[in-house]
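Here is the file run.tsv (TSV, C-alpha atoms (C1' of nucleotides)).
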```tsv
chain	number	residue	atom	x	y	z
M	1	MET	CA	99.58	120.25	86.98
M	2	GLU	CA	102.88	119.01	88.44
M	3	ALA	CA	101.98	115.34	88.77
M	4	GLN	CA	103.21	115.00	92.36
M	5	THR	CA	106.32	112.84	91.99
M	6	LYS	CA	106.32	109.76	94.18
M	7	ILE	CA	107.28	110.70	97.74
M	8	GLU	CA	110.22	108.61	98.95
M	9	ILE	CA	110.24	108.17	102.72
M	10	SER	CA	113.47	106.85	104.22
M	11	ASP	CA	113.64	104.43	107.14
M	12	ALA	CA	114.31	107.09	109.76
M	13	GLU	CA	111.65	109.33	108.28
M	14	TRP	CA	109.24	106.44	108.37
M	15	GLU	CA	109.50	106.28	112.13
M	16	VAL	CA	108.51	109.92	112.31
M	17	MET	CA	105.56	109.36	110.02
M	18	ARG	CA	104.29	106.48	112.13
M	19	VAL	CA	104.08	108.70	115.16
M	20	THR	CA	102.42	111.45	113.19
M	21	TRP	CA	99.87	109.08	111.74
M	22	THR	CA	99.07	107.65	115.13
M	23	LEU	CA	98.67	111.00	116.85
M	24	GLY	CA	97.14	112.87	113.94
M	25	ASN	CA	99.29	115.89	114.67
M	26	VAL	CA	102.35	116.68	116.73
M	27	THR	CA	104.59	119.55	117.74
M	28	SER	CA	108.29	119.16	117.30
M	29	SER	CA	108.92	119.08	121.03
M	30	GLN	CA	106.41	116.29	121.41
M	31	MET	CA	108.00	114.40	118.56
M	32	ALA	CA	111.47	115.01	119.99
M	33	GLU	CA	110.40	113.56	123.29
M	34	ILE	CA	108.83	110.52	121.72
M	35	MET	CA	111.76	109.81	119.42
M	36	ALA	CA	114.24	110.30	122.22
M	37	GLU	CA	112.52	107.50	124.05
M	38	LYS	CA	111.67	105.30	121.11
M	39	MET	CA	114.78	105.73	118.98
M	40	GLY	CA	117.31	107.46	121.19
M	41	TRP	CA	117.54	110.40	118.79
M	42	LYS	CA	118.72	113.87	119.70
M	43	THR	CA	116.33	116.77	119.26
M	44	ALA	CA	118.38	118.06	116.35
M	45	THR	CA	117.94	114.80	114.52
M	46	VAL	CA	114.19	114.97	114.86
M	47	LYS	CA	114.15	118.53	113.59
M	48	THR	CA	116.12	117.50	110.54
M	49	LEU	CA	113.74	114.68	109.76
M	50	LEU	CA	110.66	116.85	110.23
M	51	GLY	CA	112.22	119.40	107.89
M	52	ARG	CA	112.98	116.81	105.26
M	53	LEU	CA	109.48	115.39	105.45
M	54	ILE	CA	108.02	118.86	104.99
M	55	LYS	CA	110.24	119.43	101.99
M	56	LYS	CA	109.23	116.09	100.54
M	57	GLY	CA	105.61	116.94	101.08
M	58	ALA	CA	104.80	114.08	103.43
M	59	LEU	CA	104.05	116.48	106.28
M	60	ARG	CA	102.45	119.89	106.49
M	61	ALA	CA	103.23	122.45	109.19
M	62	GLU	CA	100.71	124.88	110.61
M	63	LYS	CA	101.92	127.72	112.76
M	64	HIS	CA	100.14	127.90	116.08
M	65	GLY	CA	101.51	130.72	118.16
M	66	ARG	CA	105.27	130.42	118.39
M	67	ALA	CA	105.55	126.84	117.22
M	68	PHE	CA	104.38	124.65	114.37
M	69	THR	CA	102.08	121.71	114.54
M	70	TYR	CA	102.83	118.99	112.03
M	71	TYR	CA	100.22	116.99	110.15
M	72	PRO	CA	100.65	114.09	107.75
M	73	THR	CA	99.62	114.89	104.19
M	74	VAL	CA	99.74	111.31	103.02
M	75	ASP	CA	97.62	108.52	104.42
M	76	GLU	CA	99.03	105.66	106.39
M	77	GLN	CA	97.44	102.58	104.86
M	78	PRO	CA	98.14	103.60	101.25
M	79	SER	CA	101.71	104.40	102.20
M	80	MET	CA	102.13	101.04	103.85
M	81	ASP	CA	100.54	99.26	100.93
M	82	GLU	CA	102.83	100.97	98.55
M	83	ALA	CA	106.00	100.25	100.46
M	84	VAL	CA	105.08	96.60	100.63
M	85	THR	CA	103.96	96.37	97.03
M	86	THR	CA	107.18	97.99	95.86
M	87	LEU	CA	109.30	95.54	97.78
M	88	PHE	CA	107.40	92.52	96.50
M	89	GLY	CA	107.70	93.87	92.99
M	90	HIS	CA	111.46	93.51	93.23
M	91	LEU	CA	111.34	89.88	94.26
M	92	CYS	CA	111.27	86.81	92.05
M	93	GLN	CA	107.60	86.36	91.26
M	94	MET	CA	107.95	82.63	91.38
M	95	ARG	CA	108.90	82.85	95.03
M	96	VAL	CA	106.57	85.49	96.40
M	97	GLY	CA	104.08	82.84	97.42
M	98	GLN	CA	106.54	81.03	99.65
M	99	THR	CA	107.85	84.31	100.96
M	100	LEU	CA	104.35	85.34	101.89
M	101	ALA	CA	103.76	82.04	103.65
M	102	ASP	CA	106.98	82.42	105.63
M	103	LEU	CA	105.98	85.97	106.50
M	104	VAL	CA	102.50	85.07	107.65
M	105	GLY	CA	104.05	82.42	109.84
M	106	GLN	CA	105.99	85.08	111.68
M	107	LEU	CA	103.54	87.93	111.88
M	108	ASN	CA	101.26	88.62	114.76
M	109	LEU	CA	97.79	88.62	113.22
M	110	SER	CA	94.43	88.97	114.88
M	111	GLN	CA	91.52	86.61	114.39
M	112	ASN	CA	89.95	89.25	112.21
M	113	ASP	CA	93.06	89.72	110.12
M	114	ILE	CA	93.16	86.00	109.51
M	115	ALA	CA	89.50	85.73	108.59
M	116	ASN	CA	89.93	88.66	106.26
M	117	LEU	CA	92.95	87.08	104.61
M	118	GLN	CA	91.08	83.83	104.21
M	119	THR	CA	88.31	85.59	102.39
M	120	VAL	CA	90.70	87.33	100.05
M	121	LEU	CA	92.48	84.06	99.34
M	122	ALA	CA	89.29	82.15	98.70
M	123	LYS	CA	88.22	84.67	96.13
M	124	LYS	CA	91.66	84.71	94.59
M	125	ALA	CA	91.68	80.95	94.26
M	126	THR	CA	88.86	81.10	91.76
M	127	THR	CA	91.05	82.74	89.17
M	128	ALA	CA	94.57	81.83	90.20
M	129	PRO	CA	96.91	80.25	87.64
M	130	ALA	CA	98.45	76.85	88.20
M	131	THR	CA	101.93	78.26	88.33
M	132	VAL	CA	103.75	81.56	88.35
M	133	ASP	CA	107.00	81.89	86.42
M	134	CYS	CA	110.30	83.31	87.52
M	135	ASP	CA	110.85	86.80	86.15
M	136	CYS	CA	114.45	87.34	87.14
M	137	LEU	CA	115.85	87.20	83.65
M	138	PRO	CA	114.90	89.41	80.71
M	139	GLY	CA	112.97	88.02	77.80
M	140	GLU	CA	109.67	86.17	77.99
M	141	THR	CA	109.94	82.72	79.47
M	142	SER	CA	112.88	83.10	81.80
M	143	CYS	CA	114.11	80.39	84.12
F	144	MET	CA	134.53	83.78	114.96
F	145	GLU	CA	133.56	87.08	113.34
F	146	ALA	CA	129.79	86.78	113.61
F	147	GLN	CA	129.11	87.68	109.99
F	148	THR	CA	127.43	91.07	110.24
F	149	LYS	CA	124.13	91.32	108.44
F	150	ILE	CA	124.73	91.75	104.70
F	151	GLU	CA	122.89	94.82	103.38
F	152	ILE	CA	121.95	94.46	99.72
F	153	SER	CA	120.82	97.63	97.96
F	154	ASP	CA	118.08	97.79	95.34
F	155	ALA	CA	120.44	97.79	92.38
F	156	GLU	CA	122.51	95.04	93.92
F	157	TRP	CA	119.37	93.05	94.50
F	158	GLU	CA	118.74	92.90	90.76
F	159	VAL	CA	122.18	91.41	90.28
F	160	MET	CA	121.57	88.86	92.99
F	161	ARG	CA	118.29	87.76	91.41
F	162	VAL	CA	120.04	86.91	88.20
F	163	THR	CA	122.82	85.11	90.03
F	164	TRP	CA	120.37	83.10	92.06
F	165	THR	CA	118.43	82.12	89.00
F	166	LEU	CA	121.43	81.09	86.94
F	167	GLY	CA	123.47	79.66	89.79
F	168	ASN	CA	126.60	81.27	88.43
F	169	VAL	CA	127.49	83.93	85.90
F	170	THR	CA	130.43	85.62	84.29
F	171	SER	CA	130.57	89.38	84.30
F	172	SER	CA	130.07	89.59	80.56
F	173	GLN	CA	126.97	87.45	80.84
F	174	MET	CA	125.68	89.59	83.66
F	175	ALA	CA	126.51	92.76	81.74
F	176	GLU	CA	124.53	91.53	78.78
F	177	ILE	CA	121.54	90.59	80.91
F	178	MET	CA	121.51	93.82	82.87
F	179	ALA	CA	121.93	95.88	79.73
F	180	GLU	CA	118.70	94.37	78.48
F	181	LYS	CA	116.82	94.16	81.75
F	182	MET	CA	117.91	97.40	83.39
F	183	GLY	CA	119.64	99.42	80.71
F	184	TRP	CA	122.87	99.50	82.67
F	185	LYS	CA	126.32	100.09	81.24
F	186	THR	CA	128.94	97.40	81.63
F	187	ALA	CA	130.85	99.54	84.10
F	188	THR	CA	127.82	99.77	86.34
F	189	VAL	CA	127.49	96.02	86.46
F	190	LYS	CA	131.17	95.64	87.29
F	191	THR	CA	130.81	98.05	90.17
F	192	LEU	CA	127.83	96.19	91.57
F	193	LEU	CA	129.54	92.81	91.25
F	194	GLY	CA	132.53	94.25	93.05
F	195	ARG	CA	130.43	95.65	95.85
F	196	LEU	CA	128.58	92.38	96.28
F	197	ILE	CA	131.88	90.52	96.50
F	198	LYS	CA	133.11	92.96	99.10
F	199	LYS	CA	129.88	92.58	101.06
F	200	GLY	CA	130.22	88.83	100.89
F	201	ALA	CA	127.00	88.17	99.01
F	202	LEU	CA	128.89	86.79	96.02
F	203	ARG	CA	132.02	84.73	95.61
F	204	ALA	CA	134.26	84.84	92.54
F	205	GLU	CA	136.16	81.88	91.16
F	206	LYS	CA	138.81	82.44	88.54
F	207	HIS	CA	138.31	80.28	85.49
F	208	GLY	CA	140.95	81.00	82.90
F	209	ARG	CA	141.09	84.72	82.22
F	210	ALA	CA	137.77	85.64	83.79
F	211	PHE	CA	135.88	85.11	87.01
F	212	THR	CA	132.67	83.23	87.51
F	213	TYR	CA	130.44	84.61	90.22
F	214	TYR	CA	128.41	82.53	92.64
F	215	PRO	CA	125.94	83.61	95.29
F	216	THR	CA	127.07	82.89	98.84
F	217	VAL	CA	123.72	83.64	100.42
F	218	ASP	CA	120.52	81.78	99.64
F	219	GLU	CA	117.61	83.34	97.86
F	220	GLN	CA	114.59	82.39	99.93
F	221	PRO	CA	116.16	83.34	103.27
F	222	SER	CA	117.27	86.63	101.77
F	223	MET	CA	113.79	87.33	100.49
F	224	ASP	CA	112.23	86.33	103.79
F	225	GLU	CA	114.50	88.62	105.63
F	226	ALA	CA	113.93	91.62	103.40
F	227	VAL	CA	110.20	91.19	103.79
F	228	THR	CA	110.32	90.55	107.52
F	229	THR	CA	112.46	93.62	108.05
F	230	LEU	CA	110.04	95.83	106.17
F	231	PHE	CA	107.02	94.52	108.03
F	232	GLY	CA	108.85	95.02	111.29
F	233	HIS	CA	108.91	98.75	110.59
F	234	LEU	CA	105.19	99.01	110.00
F	235	CYS	CA	102.44	99.63	112.53
F	236	GLN	CA	101.66	96.16	113.86
F	237	MET	CA	98.00	97.01	114.12
F	238	ARG	CA	97.86	97.48	110.38
F	239	VAL	CA	100.00	94.66	109.04
F	240	GLY	CA	96.95	92.46	108.67
F	241	GLN	CA	95.17	94.87	106.38
F	242	THR	CA	98.39	95.55	104.53
F	243	LEU	CA	98.87	91.88	103.95
F	244	ALA	CA	95.32	91.54	102.69
F	245	ASP	CA	95.81	94.42	100.26
F	246	LEU	CA	99.06	92.86	99.13
F	247	VAL	CA	97.62	89.44	98.56
F	248	GLY	CA	94.89	91.04	96.51
F	249	GLN	CA	97.50	92.39	94.13
F	250	LEU	CA	99.99	89.58	93.92
F	251	ASN	CA	100.00	86.90	91.33
F	252	LEU	CA	99.79	83.67	93.29
F	253	SER	CA	99.51	80.11	92.05
F	254	GLN	CA	96.90	77.63	93.21
F	255	ASN	CA	99.61	75.98	95.25
F	256	ASP	CA	100.71	79.22	96.83
F	257	ILE	CA	97.15	79.90	97.86
F	258	ALA	CA	96.57	76.44	99.28
F	259	ASN	CA	99.80	76.73	101.18
F	260	LEU	CA	98.82	80.10	102.60
F	261	GLN	CA	95.45	78.76	103.62
F	262	THR	CA	97.11	75.99	105.57
F	263	VAL	CA	99.40	78.40	107.35
F	264	LEU	CA	96.49	80.66	108.19
F	265	ALA	CA	94.32	77.86	109.46
F	266	LYS	CA	97.02	76.77	111.85
F	267	LYS	CA	97.67	80.32	112.89
F	268	ALA	CA	94.01	80.89	113.64
F	269	THR	CA	94.17	78.37	116.48
F	270	THR	CA	96.40	80.62	118.53
F	271	ALA	CA	95.77	84.09	117.16
F	272	PRO	CA	94.85	86.89	119.56
F	273	ALA	CA	91.60	88.80	119.21
F	274	THR	CA	93.39	92.03	118.44
F	275	VAL	CA	96.87	93.38	117.79
F	276	ASP	CA	97.82	96.75	119.23
F	277	CYS	CA	99.47	99.67	117.54
F	278	ASP	CA	103.14	99.90	118.42
F	279	CYS	CA	103.96	103.25	116.90
F	280	LEU	CA	104.47	105.06	120.16
F	281	PRO	CA	106.90	104.16	122.93
F	282	GLY	CA	105.63	102.78	126.20
F	283	GLU	CA	103.41	99.76	126.62
F	284	THR	CA	99.85	100.33	125.51
F	285	SER	CA	100.28	102.91	122.79
F	286	CYS	CA	97.52	104.25	120.69
T	287	DT	C1'	155.35	90.79	67.77
T	288	DT	C1'	152.20	94.31	67.81
T	289	DA	C1'	147.47	95.95	67.81
T	290	DT	C1'	143.05	94.90	69.67
T	291	DT	C1'	139.55	93.09	72.52
T	292	DT	C1'	138.19	91.70	77.13
T	293	DA	C1'	137.88	91.51	81.92
T	294	DG	C1'	139.22	93.45	86.27
T	295	DT	C1'	140.49	97.38	89.44
T	296	DC	C1'	140.49	102.27	90.73
T	297	DT	C1'	138.54	106.65	90.77
T	298	DA	C1'	134.59	109.82	90.38
T	299	DC	C1'	130.68	112.22	91.64
T	300	DA	C1'	126.21	113.87	92.78
T	301	DA	C1'	122.13	112.46	95.69
T	302	DT	C1'	120.26	110.59	99.74
T	303	DC	C1'	120.66	109.23	104.56
T	304	DG	C1'	121.60	109.07	109.43
T	305	DT	C1'	123.09	111.86	112.77
T	306	DA	C1'	123.71	116.14	114.77
T	307	DA	C1'	125.91	120.84	116.09
T	308	DA	C1'	125.59	125.85	115.39
T	309	DC	C1'	123.09	129.77	114.90
T	310	DA	C1'	118.94	132.82	114.79
T	311	DA	C1'	114.48	134.58	116.22
T	312	DC	C1'	111.06	135.17	119.35
T	313	DA	C1'	108.69	134.50	123.74
T	314	DA	C1'	108.91	134.13	128.78
T	315	DA	C1'	110.94	135.01	133.09
T	316	DT	C1'	113.41	138.08	136.09
Q	317	DA	C1'	115.11	145.69	129.48
Q	318	DT	C1'	118.14	141.78	129.76
Q	319	DT	C1'	118.68	136.94	130.30
Q	320	DT	C1'	117.15	132.48	129.23
Q	321	DG	C1'	114.74	128.97	127.10
Q	322	DT	C1'	112.21	127.24	123.10
Q	323	DT	C1'	111.54	126.47	118.32
Q	324	DG	C1'	112.93	126.87	113.73
Q	325	DT	C1'	116.79	127.29	110.05
Q	326	DT	C1'	121.43	126.38	108.19
Q	327	DT	C1'	125.38	123.91	107.82
Q	328	DA	C1'	128.14	119.60	108.46
Q	329	DC	C1'	129.94	115.28	107.56
Q	330	DG	C1'	130.90	110.60	106.69
Q	331	DA	C1'	128.55	106.38	104.55
Q	332	DT	C1'	125.90	104.32	101.04
Q	333	DT	C1'	123.91	104.30	96.47
Q	334	DG	C1'	123.30	104.70	91.53
Q	335	DT	C1'	125.78	105.40	87.72
Q	336	DA	C1'	129.83	105.22	85.15
Q	337	DG	C1'	134.56	106.58	83.05
Q	338	DA	C1'	139.64	105.59	83.16
Q	339	DC	C1'	143.36	102.80	83.49
Q	340	DT	C1'	145.59	98.16	83.44
Q	341	DA	C1'	146.73	93.48	82.57
Q	342	DA	C1'	146.01	89.51	80.03
Q	343	DA	C1'	144.44	87.00	75.98
Q	344	DT	C1'	143.81	87.07	70.96
Q	345	DA	C1'	143.95	88.28	66.47
Q	346	DA	C1'	146.51	90.09	62.72
```

Could you spell out this file's structure in structure tokens?
Amino acid sequence: MEAQTKIEISDAEWEVMRVTWTLGNVTSSQMAEIMAEKMGWKTATVKTLLGRLIKKGALRAEKHGRAFTYYPTVDEQPSMDEAVTTLFGHLCQMRVGQTLADLVGQLNLSQNDIANLQTVLAKKATTAPATVDCDCLPGETSC
Amino acid sequence: MEAQTKIEISDAEWEVMRVTWTLGNVTSSQMAEIMAEKMGWKTATVKTLLGRLIKKGALRAEKHGRAFTYYPTVDEQPSMDEAVTTLFGHLCQMRVGQTLADLVGQLNLSQNDIANLQTVLAKKATTAPATVDCDCLPGETSC
DNA sequence: TTATTTAGTCTACAATCGTAAACAACAAAT
DNA sequence: ATTTGTTGTTTACGATTGTAGACTAAATAA
């Protein structure tokens, strides 16, 4: 069966998905109103994005009376995880640690988030290597 | 003075930058050889990317004899930090913590990276809020 | 000096993106 | 029934991206 090719969500489309995920479902007029306020987009722009997301399979539309109601067909957390994992995969592996540290320094994390992270790190420390090599050049031992 | 507009580096261009950062400087033939092996790109493709990066101001070319030598004009770690920060800025703030935890679980971090992260987290814990709200909808208290 | 290799510049071209107007179809108001 | 408003569909259009061929100038080899 058509192994569902990776859905690519663009930046603008991502904003639409966020709203959909948060509300669970939306009508286009609702979305238009929200995006007008949040992004300053015209109604037509929102319609285009909804259409593209439907075509990509990230949203599903259900006809209710005259209008459609839109529902996300992909989950939020996995989508976020994937976007982040993909980005980190393109960075020099030797520097992801520092990058992560810089990032954590800037993010707004809750007490729970921090405790959670600490747990993950503690466990990870038990099997972590002494060093991680640069992987920016081809061939085995780059750098 | 022309406040240097944010340099946007595309995915393909990013691969070129990684090599440049790692080597410090490269000739186009060297880069072509590396990218042929690493990415399977034709020489012409590499030339295009080098040209675009020059135009964007991410690389600088110095003529040495017949050929140019290319040097990065932006630093690696700040560029990485920014790419990552930008991505996280587009995600639901309520979920960045979990996303980070999932990410850390997957990344290959060194003992040092982990220790470093733990330090940053410990400090952060002293001022972290109890919770972080969703910011996917406009208006103050979304969600 | 002429043919050949090499490195740089210009042109190409389809796909995706951001941004939106134009048009169509149907429901609601008059 | 006709006008008007709402919602969906089609078309547009320039910019960026990935991918690369073509052409050109300079250096080298024959």

Where is the centre and how long are the edges: axis-aligned box on range 326-335 of chain Q, 3 Å on each side, Å to one decimal, as JSON:
```
{"center_x": 126.2, "center_y": 115.3, "center_z": 98.1, "size_x": 15.5, "size_y": 28.1, "size_z": 26.7}
```

Residues near range 323-335 of chain Q, anyone? I mean within 9 Å using all atoms listed in the file, not counting same-chain ones fewer than 6 positions away, as a PDB file with C-alpha atoms (C1' of nucleotides), in the frame of the given file.
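Output below, filename part32.pdb:
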```pdb
ATOM      1  CA  SER M  28     108.290 119.160 117.300  1.00  0.00           C
ATOM      2  CA  SER M  29     108.920 119.080 121.030  1.00  0.00           C
ATOM      3  CA  LYS M  47     114.150 118.530 113.590  1.00  0.00           C
ATOM      4  CA  ARG M  66     105.270 130.420 118.390  1.00  0.00           C
ATOM      5  CA  ALA M  67     105.550 126.840 117.220  1.00  0.00           C
ATOM      6  CA  PHE M  68     104.380 124.650 114.370  1.00  0.00           C
TER       7      PHE M  68
ATOM      8  CA  SER F 153     120.820  97.630  97.960  1.00  0.00           C
ATOM      9  CA  ASP F 154     118.080  97.790  95.340  1.00  0.00           C
ATOM     10  CA  ALA F 155     120.440  97.790  92.380  1.00  0.00           C
ATOM     11  CA  TRP F 184     122.870  99.500  82.670  1.00  0.00           C
ATOM     12  CA  LYS F 185     126.320 100.090  81.240  1.00  0.00           C
ATOM     13  CA  ALA F 187     130.850  99.540  84.100  1.00  0.00           C
ATOM     14  CA  THR F 188     127.820  99.770  86.340  1.00  0.00           C
TER      15      THR F 188
ATOM     16  C1'  DA T 301     122.130 112.460  95.690  1.00  0.00           C
ATOM     17  C1'  DT T 302     120.260 110.590  99.740  1.00  0.00           C
ATOM     18  C1'  DC T 303     120.660 109.230 104.560  1.00  0.00           C
ATOM     19  C1'  DG T 304     121.600 109.070 109.430  1.00  0.00           C
ATOM     20  C1'  DA T 306     123.710 116.140 114.770  1.00  0.00           C
ATOM     21  C1'  DA T 307     125.910 120.840 116.090  1.00  0.00           C
ATOM     22  C1'  DA T 308     125.590 125.850 115.390  1.00  0.00           C
ATOM     23  C1'  DC T 309     123.090 129.770 114.900  1.00  0.00           C
ATOM     24  C1'  DA T 310     118.940 132.820 114.790  1.00  0.00           C
ATOM     25  C1'  DA T 311     114.480 134.580 116.220  1.00  0.00           C
ATOM     26  C1'  DC T 312     111.060 135.170 119.350  1.00  0.00           C
TER      27       DC T 312
END
```

Worksheet entry | Pick from M:Lys124, M:His90, M:His64, M:Lys6, whichever lies nearest to chain Q using all atoms listed in the file |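 With all atoms listed in the file as the atom set, the closest residue is M:His64.
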
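For DG321 in chain Q, the set of protein, DNA and RNA residues having any atom at most 10 Å away, when counting only C-alpha atoms (C1' of nucleotides) and skipping those fewer than 3 positions along the same chain, is T:DA313, T:DA314, T:DA315.
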
Selection to disk with C-alpha atoms (C1' of nucleotides), as a compact mmCIF listing (two decimals), in the frame of the given file:
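Just written: result17.txt:
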```txt
# COMPACT_ATOMS: atom_id res chain seq x y z
C1' DA T 313 108.69 134.50 123.74
C1' DA T 314 108.91 134.13 128.78
C1' DA T 315 110.94 135.01 133.09
```

Worksheet item: CA of Ile150 in chain F to CA of Ala36 in chain M: how many Å, to one decimal?
Response: 27.6 Å

Item to complete: Rank nothing, just name the residue among F:Thr148, F:Thr242, F:Thr269, F:Thr216 nearest to chain M, using all atoms listed in the file.
Response: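 Closest to chain M, using all atoms listed in the file: F:Thr242.
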
Worksheet entry | Non-local contacts of Arg60 in chain M (10 Å; all atoms listed in the file; under 3 positions in same chain excluded) as an MDAnalysis selection string | chainID M and resid 25 50:51 53:57 68:74

Worksheet item: If we count only C-alpha atoms (C1' of nucleotides), what is near DT340 in chain Q at a cut-off of 10 Å, once residues fewer than 4 positions away on the same chain are taken out, given as a PyMOL selection string?
Response: chain T and resi 294-296

Item to complete: May I have the residues at most 12 Å from (103.0, 102.4, 121.5) in the file's coordinates, counting all atoms listed in the file, as a list in words?
Response: Arg18, Val19, Thr22, Leu23, Ile34, Met35, Glu37 and Lys38 of chain M; Cys235, Gln236, Met237, Val275, Asp276, Cys277, Asp278, Cys279, Leu280, Pro281, Gly282, Glu283, Thr284, Ser285 and Cys286 of chain F

Worksheet item: When you draw a straight line from CA of Ala122 in chain M to CA of Ser110 in chain M, how long is it in Å?
Response: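 We find that CA of Ala122 in chain M and CA of Ser110 in chain M lie 18.3 Å from each other.
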
Fill in: Distance of CA of Thr127 in chain M from CA of Arg238 in chain F, expressed in Å to one decimal place
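Interatomic distance here is 26.7 Å.
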
Discussion item. Under the rule that all atoms listed in the file are counted, which of F:Leu260, F:Leu230, F:Val247, F:Met174 is the nearest residue to Trp14 in chain M?
Written reply: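 Residue with the minimum atom-to-atom distance to Trp14 in chain M: F:Leu230.
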
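Proximity to chain M was assessed for F:Asp256, F:Glu151, F:Glu219, F:Glu176 counting only C-alpha atoms; the smallest distance is recorded for F:Asp256.
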
Practice prompt. Tell me which of F:Ile257, F:Thr170, F:Gly248, F:Gly232 sits closest to chain T, counting only C-alpha atoms (C1' of nucleotides).
Written response: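 Going through F:Ile257, F:Thr170, F:Gly248, F:Gly232 one by one, the smallest distance to chain T is for F:Thr170.
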